[in-house]
file entry.cif (mmCIF, C-alpha atoms)
data_protein
loop_
_atom_site.group_PDB
_atom_site.id
_atom_site.type_symbol
_atom_site.label_atom_id
_atom_site.label_comp_id
_atom_site.auth_asym_id
_atom_site.auth_seq_id
_atom_site.Cartn_x
_atom_site.Cartn_y
_atom_site.Cartn_z
ATOM 1 C CA MET A 1 13.566 68.578 -50.383
ATOM 2 C CA ASN A 2 14.487 72.105 -51.383
ATOM 3 C CA TYR A 3 12.199 74.625 -53.076
ATOM 4 C CA PHE A 4 13.708 74.028 -56.511
ATOM 5 C CA GLU A 5 12.931 70.312 -56.227
ATOM 6 C CA LEU A 6 9.445 71.106 -54.918
ATOM 7 C CA PHE A 7 8.754 73.220 -58.004
ATOM 8 C CA GLY A 8 10.465 70.769 -60.371
ATOM 9 C CA MET A 9 13.009 73.373 -61.437
ATOM 10 C CA PRO A 10 16.802 73.340 -61.723
ATOM 11 C CA VAL A 11 18.786 75.155 -59.029
ATOM 12 C CA THR A 12 19.384 78.617 -60.462
ATOM 13 C CA LEU A 13 20.053 82.176 -59.359
ATOM 14 C CA ASN A 14 17.508 83.414 -61.886
ATOM 15 C CA PRO A 15 14.366 81.217 -61.815
ATOM 16 C CA ASP A 16 12.090 81.138 -64.852
ATOM 17 C CA LYS A 17 9.170 83.276 -63.620
ATOM 18 C CA ALA A 18 6.607 81.776 -66.030
ATOM 19 C CA LEU A 19 7.534 78.190 -65.109
ATOM 20 C CA LEU A 20 7.557 79.094 -61.423
ATOM 21 C CA LYS A 21 4.056 80.582 -61.657
ATOM 22 C CA LYS A 22 2.728 77.612 -63.665
ATOM 23 C CA ASN A 23 4.155 75.092 -61.189
ATOM 24 C CA PHE A 24 2.921 77.152 -58.243
ATOM 25 C CA TYR A 25 -0.670 77.006 -59.496
ATOM 26 C CA GLU A 26 -0.416 73.263 -60.157
ATOM 27 C CA LEU A 27 1.022 72.578 -56.702
ATOM 28 C CA SER A 28 -1.490 74.909 -55.049
ATOM 29 C CA ARG A 29 -4.378 72.979 -56.613
ATOM 30 C CA GLN A 30 -2.776 69.654 -55.754
ATOM 31 C CA PHE A 31 -2.206 70.435 -52.066
ATOM 32 C CA HIS A 32 -4.909 72.983 -51.241
ATOM 33 C CA PRO A 33 -6.319 72.095 -47.797
ATOM 34 C CA ASP A 34 -9.935 72.434 -49.047
ATOM 35 C CA PHE A 35 -9.439 69.259 -51.090
ATOM 36 C CA PHE A 36 -8.587 67.295 -47.948
ATOM 37 C CA VAL A 37 -11.562 68.029 -45.682
ATOM 38 C CA ALA A 38 -12.737 64.401 -45.846
ATOM 39 C CA ALA A 39 -9.225 62.995 -45.388
ATOM 40 C CA THR A 40 -7.716 61.706 -42.157
ATOM 41 C CA PRO A 41 -6.367 64.308 -39.727
ATOM 42 C CA GLU A 42 -2.830 63.166 -40.580
ATOM 43 C CA ARG A 43 -3.426 63.625 -44.316
ATOM 44 C CA GLN A 44 -5.020 67.045 -43.654
ATOM 45 C CA ALA A 45 -1.967 68.125 -41.659
ATOM 46 C CA GLU A 46 0.319 66.835 -44.402
ATOM 47 C CA ALA A 47 -1.601 68.782 -47.083
ATOM 48 C CA LEU A 48 -1.540 71.922 -44.940
ATOM 49 C CA ASP A 49 2.218 71.567 -44.427
ATOM 50 C CA LYS A 50 2.831 70.993 -48.152
ATOM 51 C CA SER A 51 0.598 73.952 -49.049
ATOM 52 C CA SER A 52 2.566 76.123 -46.627
ATOM 53 C CA GLN A 53 5.869 74.980 -48.194
ATOM 54 C CA VAL A 54 4.527 75.759 -51.674
ATOM 55 C CA ASN A 55 3.526 79.285 -50.599
ATOM 56 C CA LYS A 56 6.829 79.960 -48.825
ATOM 57 C CA GLY A 57 8.848 78.580 -51.727
ATOM 58 C CA TYR A 58 6.918 80.632 -54.265
ATOM 59 C CA LYS A 59 7.423 83.816 -52.295
ATOM 60 C CA LEU A 60 11.155 83.130 -51.882
ATOM 61 C CA LEU A 61 11.773 82.157 -55.520
ATOM 62 C CA GLN A 62 10.130 85.380 -56.730
ATOM 63 C CA ASN A 63 12.600 87.548 -54.798
ATOM 64 C CA PRO A 64 16.013 87.779 -56.532
ATOM 65 C CA ASP A 65 17.900 88.635 -53.326
ATOM 66 C CA GLU A 66 16.284 85.781 -51.415
ATOM 67 C CA VAL A 67 17.071 83.367 -54.270
ATOM 68 C CA ILE A 68 20.755 84.323 -54.091
ATOM 69 C CA LYS A 69 20.766 83.836 -50.333
ATOM 70 C CA TYR A 70 18.933 80.514 -50.627
ATOM 71 C CA VAL A 71 21.259 79.078 -53.299
ATOM 72 C CA LEU A 72 24.331 80.171 -51.336
ATOM 73 C CA GLN A 73 22.870 78.446 -48.261
ATOM 74 C CA LEU A 74 22.121 75.288 -50.278
ATOM 75 C CA LYS A 75 25.764 75.259 -51.372
ATOM 76 C CA GLY A 76 26.957 75.744 -47.777
ATOM 77 C CA LEU A 77 28.534 79.106 -48.612
ATOM 78 C CA LEU A 78 26.301 81.301 -46.466
ATOM 79 C CA GLN A 79 25.188 80.719 -42.906
ATOM 80 C CA GLU A 80 22.303 82.385 -41.105
ATOM 81 C CA GLU A 81 23.575 85.243 -38.908
ATOM 82 C CA GLU A 82 27.008 85.002 -40.528
ATOM 83 C CA ARG A 83 29.379 87.869 -39.799
ATOM 84 C CA TYR A 84 30.698 88.653 -43.242
ATOM 85 C CA GLU A 85 33.525 91.171 -43.562
ATOM 86 C CA LEU A 86 33.192 93.633 -46.393
ATOM 87 C CA PRO A 87 36.271 95.408 -47.770
ATOM 88 C CA LYS A 88 37.282 98.487 -45.762
ATOM 89 C CA GLU A 89 37.210 100.717 -48.868
ATOM 90 C CA PHE A 90 33.568 99.784 -49.460
ATOM 91 C CA LEU A 91 32.697 100.401 -45.816
ATOM 92 C CA MET A 92 34.365 103.821 -45.912
ATOM 93 C CA GLU A 93 32.338 104.783 -48.984
ATOM 94 C CA MET A 94 29.179 103.588 -47.263
ATOM 95 C CA LEU A 95 30.027 105.529 -44.128
ATOM 96 C CA GLU A 96 30.377 108.657 -46.235
ATOM 97 C CA LEU A 97 27.070 108.000 -47.994
ATOM 98 C CA ASN A 98 25.349 107.368 -44.692
ATOM 99 C CA GLU A 99 26.709 110.635 -43.257
ATOM 100 C CA GLN A 100 25.487 112.530 -46.330
ATOM 101 C CA LEU A 101 22.090 110.945 -45.916
ATOM 102 C CA MET A 102 21.841 111.780 -42.203
ATOM 103 C CA GLU A 103 22.866 115.368 -42.873
ATOM 104 C CA ALA A 104 20.349 115.710 -45.711
ATOM 105 C CA LYS A 105 17.581 114.228 -43.541
ATOM 106 C CA MET A 106 18.378 116.583 -40.645
ATOM 107 C CA ASP A 107 18.325 119.573 -43.022
ATOM 108 C CA GLY A 108 15.210 118.313 -44.778
ATOM 109 C CA ASP A 109 17.112 118.755 -48.050
ATOM 110 C CA GLU A 110 15.176 116.718 -50.622
ATOM 111 C CA ASN A 111 17.751 117.433 -53.355
ATOM 112 C CA ALA A 112 20.573 116.041 -51.216
ATOM 113 C CA ILE A 113 18.463 113.001 -50.325
ATOM 114 C CA ALA A 114 17.771 112.419 -54.031
ATOM 115 C CA LYS A 115 21.515 112.637 -54.744
ATOM 116 C CA VAL A 116 22.260 110.008 -52.098
ATOM 117 C CA LYS A 117 19.537 107.748 -53.512
ATOM 118 C CA SER A 118 21.064 108.189 -56.950
ATOM 119 C CA ALA A 119 24.541 107.378 -55.605
ATOM 120 C CA ILE A 120 23.168 104.220 -54.000
ATOM 121 C CA ALA A 121 21.500 103.194 -57.283
ATOM 122 C CA ASN A 122 24.838 103.740 -59.038
ATOM 123 C CA PHE A 123 26.607 101.593 -56.435
ATOM 124 C CA GLU A 124 24.039 98.834 -56.934
ATOM 125 C CA THR A 125 24.693 98.855 -60.667
ATOM 126 C CA GLU A 126 28.448 98.942 -60.093
ATOM 127 C CA ILE A 127 28.492 96.000 -57.682
ATOM 128 C CA TYR A 128 26.152 93.916 -59.867
ATOM 129 C CA GLU A 129 28.223 94.238 -63.026
ATOM 130 C CA PRO A 130 31.004 91.764 -61.998
ATOM 131 C CA VAL A 131 28.452 89.053 -61.095
ATOM 132 C CA LYS A 132 25.773 89.760 -63.689
ATOM 133 C CA GLN A 133 26.871 86.930 -65.987
ATOM 134 C CA ILE A 134 27.080 84.461 -63.090
ATOM 135 C CA VAL A 135 23.624 85.359 -61.754
ATOM 136 C CA GLU A 136 21.890 85.411 -65.111
ATOM 137 C CA SER A 137 23.378 82.203 -66.526
ATOM 138 C CA TYR A 138 24.137 80.140 -63.401
ATOM 139 C CA GLN A 139 24.114 76.396 -63.931
ATOM 140 C CA ASP A 140 24.246 74.154 -60.903
ATOM 141 C CA GLY A 141 27.387 72.038 -60.867
ATOM 142 C CA VAL A 142 29.050 74.112 -63.606
ATOM 143 C CA VAL A 143 29.731 77.409 -61.836
ATOM 144 C CA SER A 144 32.749 77.301 -59.553
ATOM 145 C CA GLU A 145 32.738 77.946 -55.826
ATOM 146 C CA LYS A 146 35.001 80.936 -56.476
ATOM 147 C CA ALA A 147 32.316 82.476 -58.716
ATOM 148 C CA LEU A 148 29.653 81.804 -56.089
ATOM 149 C CA LEU A 149 31.830 83.534 -53.483
ATOM 150 C CA GLN A 150 31.791 86.613 -55.740
ATOM 151 C CA VAL A 151 27.991 86.415 -55.703
ATOM 152 C CA LYS A 152 28.123 86.164 -51.906
ATOM 153 C CA ASP A 153 30.196 89.351 -51.731
ATOM 154 C CA TYR A 154 27.681 91.059 -54.022
ATOM 155 C CA TYR A 155 24.805 89.838 -51.809
ATOM 156 C CA TYR A 156 26.333 91.366 -48.669
ATOM 157 C CA ARG A 157 27.232 94.636 -50.392
ATOM 158 C CA LYS A 158 23.711 94.995 -51.743
ATOM 159 C CA LYS A 159 22.280 94.193 -48.335
ATOM 160 C CA TYR A 160 24.401 97.006 -46.880
ATOM 161 C CA LEU A 161 23.101 99.453 -49.495
ATOM 162 C CA GLN A 162 19.532 98.390 -48.747
ATOM 163 C CA ARG A 163 20.053 99.110 -45.036
ATOM 164 C CA ILE A 164 21.141 102.647 -45.892
ATOM 165 C CA LEU A 165 18.046 103.111 -48.042
ATOM 166 C CA ALA A 166 15.896 101.730 -45.239
ATOM 167 C CA GLY A 167 17.226 104.606 -43.106
ATOM 168 C CA LEU A 168 15.252 106.967 -45.327
ATOM 169 C CA ASN A 169 11.945 105.593 -44.092
#

call {"tool": "encode", "arguments": {"input": "entry.cif", "output": "structure tokens"}}
result
Amino acid sequence: MNYFELFGMPVTLNPDKALLKKNFYELSRQFHPDFFVAATPERQAEALDKSSQVNKGYKLLQNPDEVIKYVLQLKGLLQEEERYELPKEFLMEMLELNEQLMEAKMDGDENAIAKVKSAIANFETEIYEPVKQIVESYQDGVVSEKALLQVKDYYYRKKYLQRILAGLN
């Protein structure tokens, strides 16, 4: 069973937050370990496991990046620890951004750091635009594998940008 099935929701790249929250509370009440204190040890363990799955699934389905990763994994298009090759032009731009960031950090130049952050935000917007329609209106079984591979490329590009931002901290 996947998290979408657990929450009684269709597989999507953009889960309905209100429905997710509603189903989370229902499942939490249904499987909360406190309701199983008089049950057999096996039933208690089962309720604890189900409660843990509900919590993990809820956390994952609230995070847009994790949802993309999860759906791509469900479709067999993304593997854990996969070595995905980004286009060289993108990597060169990121190298330049990273160098600007390192230089600004060494100089303690807050203006330069702000400019790099702004450039990264612009890149995020730029890389999202080609997949926006796919992400926001994805329908399982309707969207082609080719379209999902575009989403995969977006996922890895965004991940790269996030690593650069993480270098600020």

call {"tool": "resolve_selection", "arguments": {"input": "entry.cif", "expression": "the PyMOL selection byres ((chain A and resi 140) around 10)", "output": "list in words"}}
result
Pro10, Val11, Thr12, Leu13, Val71, Lys75, Ser137, Tyr138, Gln139, Gly141, Val142, Val143 and Ser144 of chain A

call {"tool": "resolve_selection", "arguments": {"input": "entry.cif", "expression": "the PyMOL selection byres ((chain A and resi 45-61) around 9)", "output": "mmCIF file with C-alpha atoms, in the coordinates of the input"}}
result
data_model
loop_
_atom_site.group_PDB
_atom_site.id
_atom_site.type_symbol
_atom_site.label_atom_id
_atom_site.label_comp_id
_atom_site.auth_asym_id
_atom_site.auth_seq_id
_atom_site.Cartn_x
_atom_site.Cartn_y
_atom_site.Cartn_z
ATOM 1 C CA ASN A 2 14.487 72.105 -51.383
ATOM 2 C CA TYR A 3 12.199 74.625 -53.076
ATOM 3 C CA PHE A 4 13.708 74.028 -56.511
ATOM 4 C CA LEU A 6 9.445 71.106 -54.918
ATOM 5 C CA PHE A 7 8.754 73.220 -58.004
ATOM 6 C CA ASN A 14 17.508 83.414 -61.886
ATOM 7 C CA PRO A 15 14.366 81.217 -61.815
ATOM 8 C CA LYS A 17 9.170 83.276 -63.620
ATOM 9 C CA LEU A 20 7.557 79.094 -61.423
ATOM 10 C CA LYS A 21 4.056 80.582 -61.657
ATOM 11 C CA PHE A 24 2.921 77.152 -58.243
ATOM 12 C CA LEU A 27 1.022 72.578 -56.702
ATOM 13 C CA SER A 28 -1.490 74.909 -55.049
ATOM 14 C CA GLN A 30 -2.776 69.654 -55.754
ATOM 15 C CA PHE A 31 -2.206 70.435 -52.066
ATOM 16 C CA HIS A 32 -4.909 72.983 -51.241
ATOM 17 C CA PRO A 33 -6.319 72.095 -47.797
ATOM 18 C CA PHE A 35 -9.439 69.259 -51.090
ATOM 19 C CA PHE A 36 -8.587 67.295 -47.948
ATOM 20 C CA THR A 40 -7.716 61.706 -42.157
ATOM 21 C CA PRO A 41 -6.367 64.308 -39.727
ATOM 22 C CA GLU A 42 -2.830 63.166 -40.580
ATOM 23 C CA ARG A 43 -3.426 63.625 -44.316
ATOM 24 C CA GLN A 44 -5.020 67.045 -43.654
ATOM 25 C CA GLN A 62 10.130 85.380 -56.730
ATOM 26 C CA ASN A 63 12.600 87.548 -54.798
ATOM 27 C CA PRO A 64 16.013 87.779 -56.532
ATOM 28 C CA ASP A 65 17.900 88.635 -53.326
ATOM 29 C CA GLU A 66 16.284 85.781 -51.415
ATOM 30 C CA VAL A 67 17.071 83.367 -54.270
ATOM 31 C CA TYR A 70 18.933 80.514 -50.627
#

call {"tool": "closest_residue", "arguments": {"input": "entry.cif", "among": "A:Leu168, A:Leu74, A:Val37, A:Leu95", "to": "A:Glu110", "atoms": "only C-alpha atoms"}}
result
A:Leu168

call {"tool": "closest_residue", "arguments": {"input": "entry.cif", "among": "A:Ile134, A:Ala38, A:Leu91, A:Ile127", "to": "A:Lys158", "atoms": "only C-alpha atoms"}}
result
A:Ile127

call {"tool": "atom_distance", "arguments": {"input": "entry.cif", "atom1": "atom CA of A:Val116", "atom2": "atom CA of A:Pro87"}}
result
20.7 Å

call {"tool": "atom_distance", "arguments": {"input": "entry.cif", "atom1": "atom CA of A:Gly8", "atom2": "atom CA of A:Tyr156"}}
result
28.5 Å

call {"tool": "atom_distance", "arguments": {"input": "entry.cif", "atom1": "atom CA of A:Leu148", "atom2": "atom CA of A:Leu77"}}
result
8.0 Å

call {"tool": "closest_residue", "arguments": {"input": "entry.cif", "among": "A:Asp34, A:Glu93, A:Glu124, A:Glu136", "to": "A:Lys159", "atoms": "all atoms listed in the file"}}
result
A:Glu124

call {"tool": "resolve_selection", "arguments": {"input": "entry.cif", "expression": "the PyMOL selection byres ((chain A and resi 101) around 10)", "output": "list of chain:residue names"}}
result
A:Leu95, A:Glu96, A:Leu97, A:Asn98, A:Glu99, A:Gln100, A:Met102, A:Glu103, A:Ala104, A:Lys105, A:Met106, A:Asp107, A:Asp109, A:Ala112, A:Ile113, A:Ala114, A:Lys115, A:Val116, A:Lys117, A:Ile164, A:Leu165, A:Gly167, A:Leu168

call {"tool": "closest_residue", "arguments": {"input": "entry.cif", "among": "A:Lys152, A:Leu19, A:Leu161, A:Lys146", "to": "A:Glu126", "atoms": "all atoms listed in the file"}}
result
A:Leu161

call {"tool": "closest_residue", "arguments": {"input": "entry.cif", "among": "A:Arg157, A:Lys69, A:Lys132, A:Lys22", "to": "A:Glu81", "atoms": "only C-alpha atoms"}}
result
A:Lys69

call {"tool": "axis_aligned_box", "arguments": {"input": "entry.cif", "around": "stretch 5-22 of chain A", "padding_each_side": "6 Å", "output": "lines of an AutoDock Vina configuration file"}}
result
center_x = 11.4
center_y = 76.9
center_z = -60.5
size_x = 29.3
size_y = 25.1
size_z = 23.1
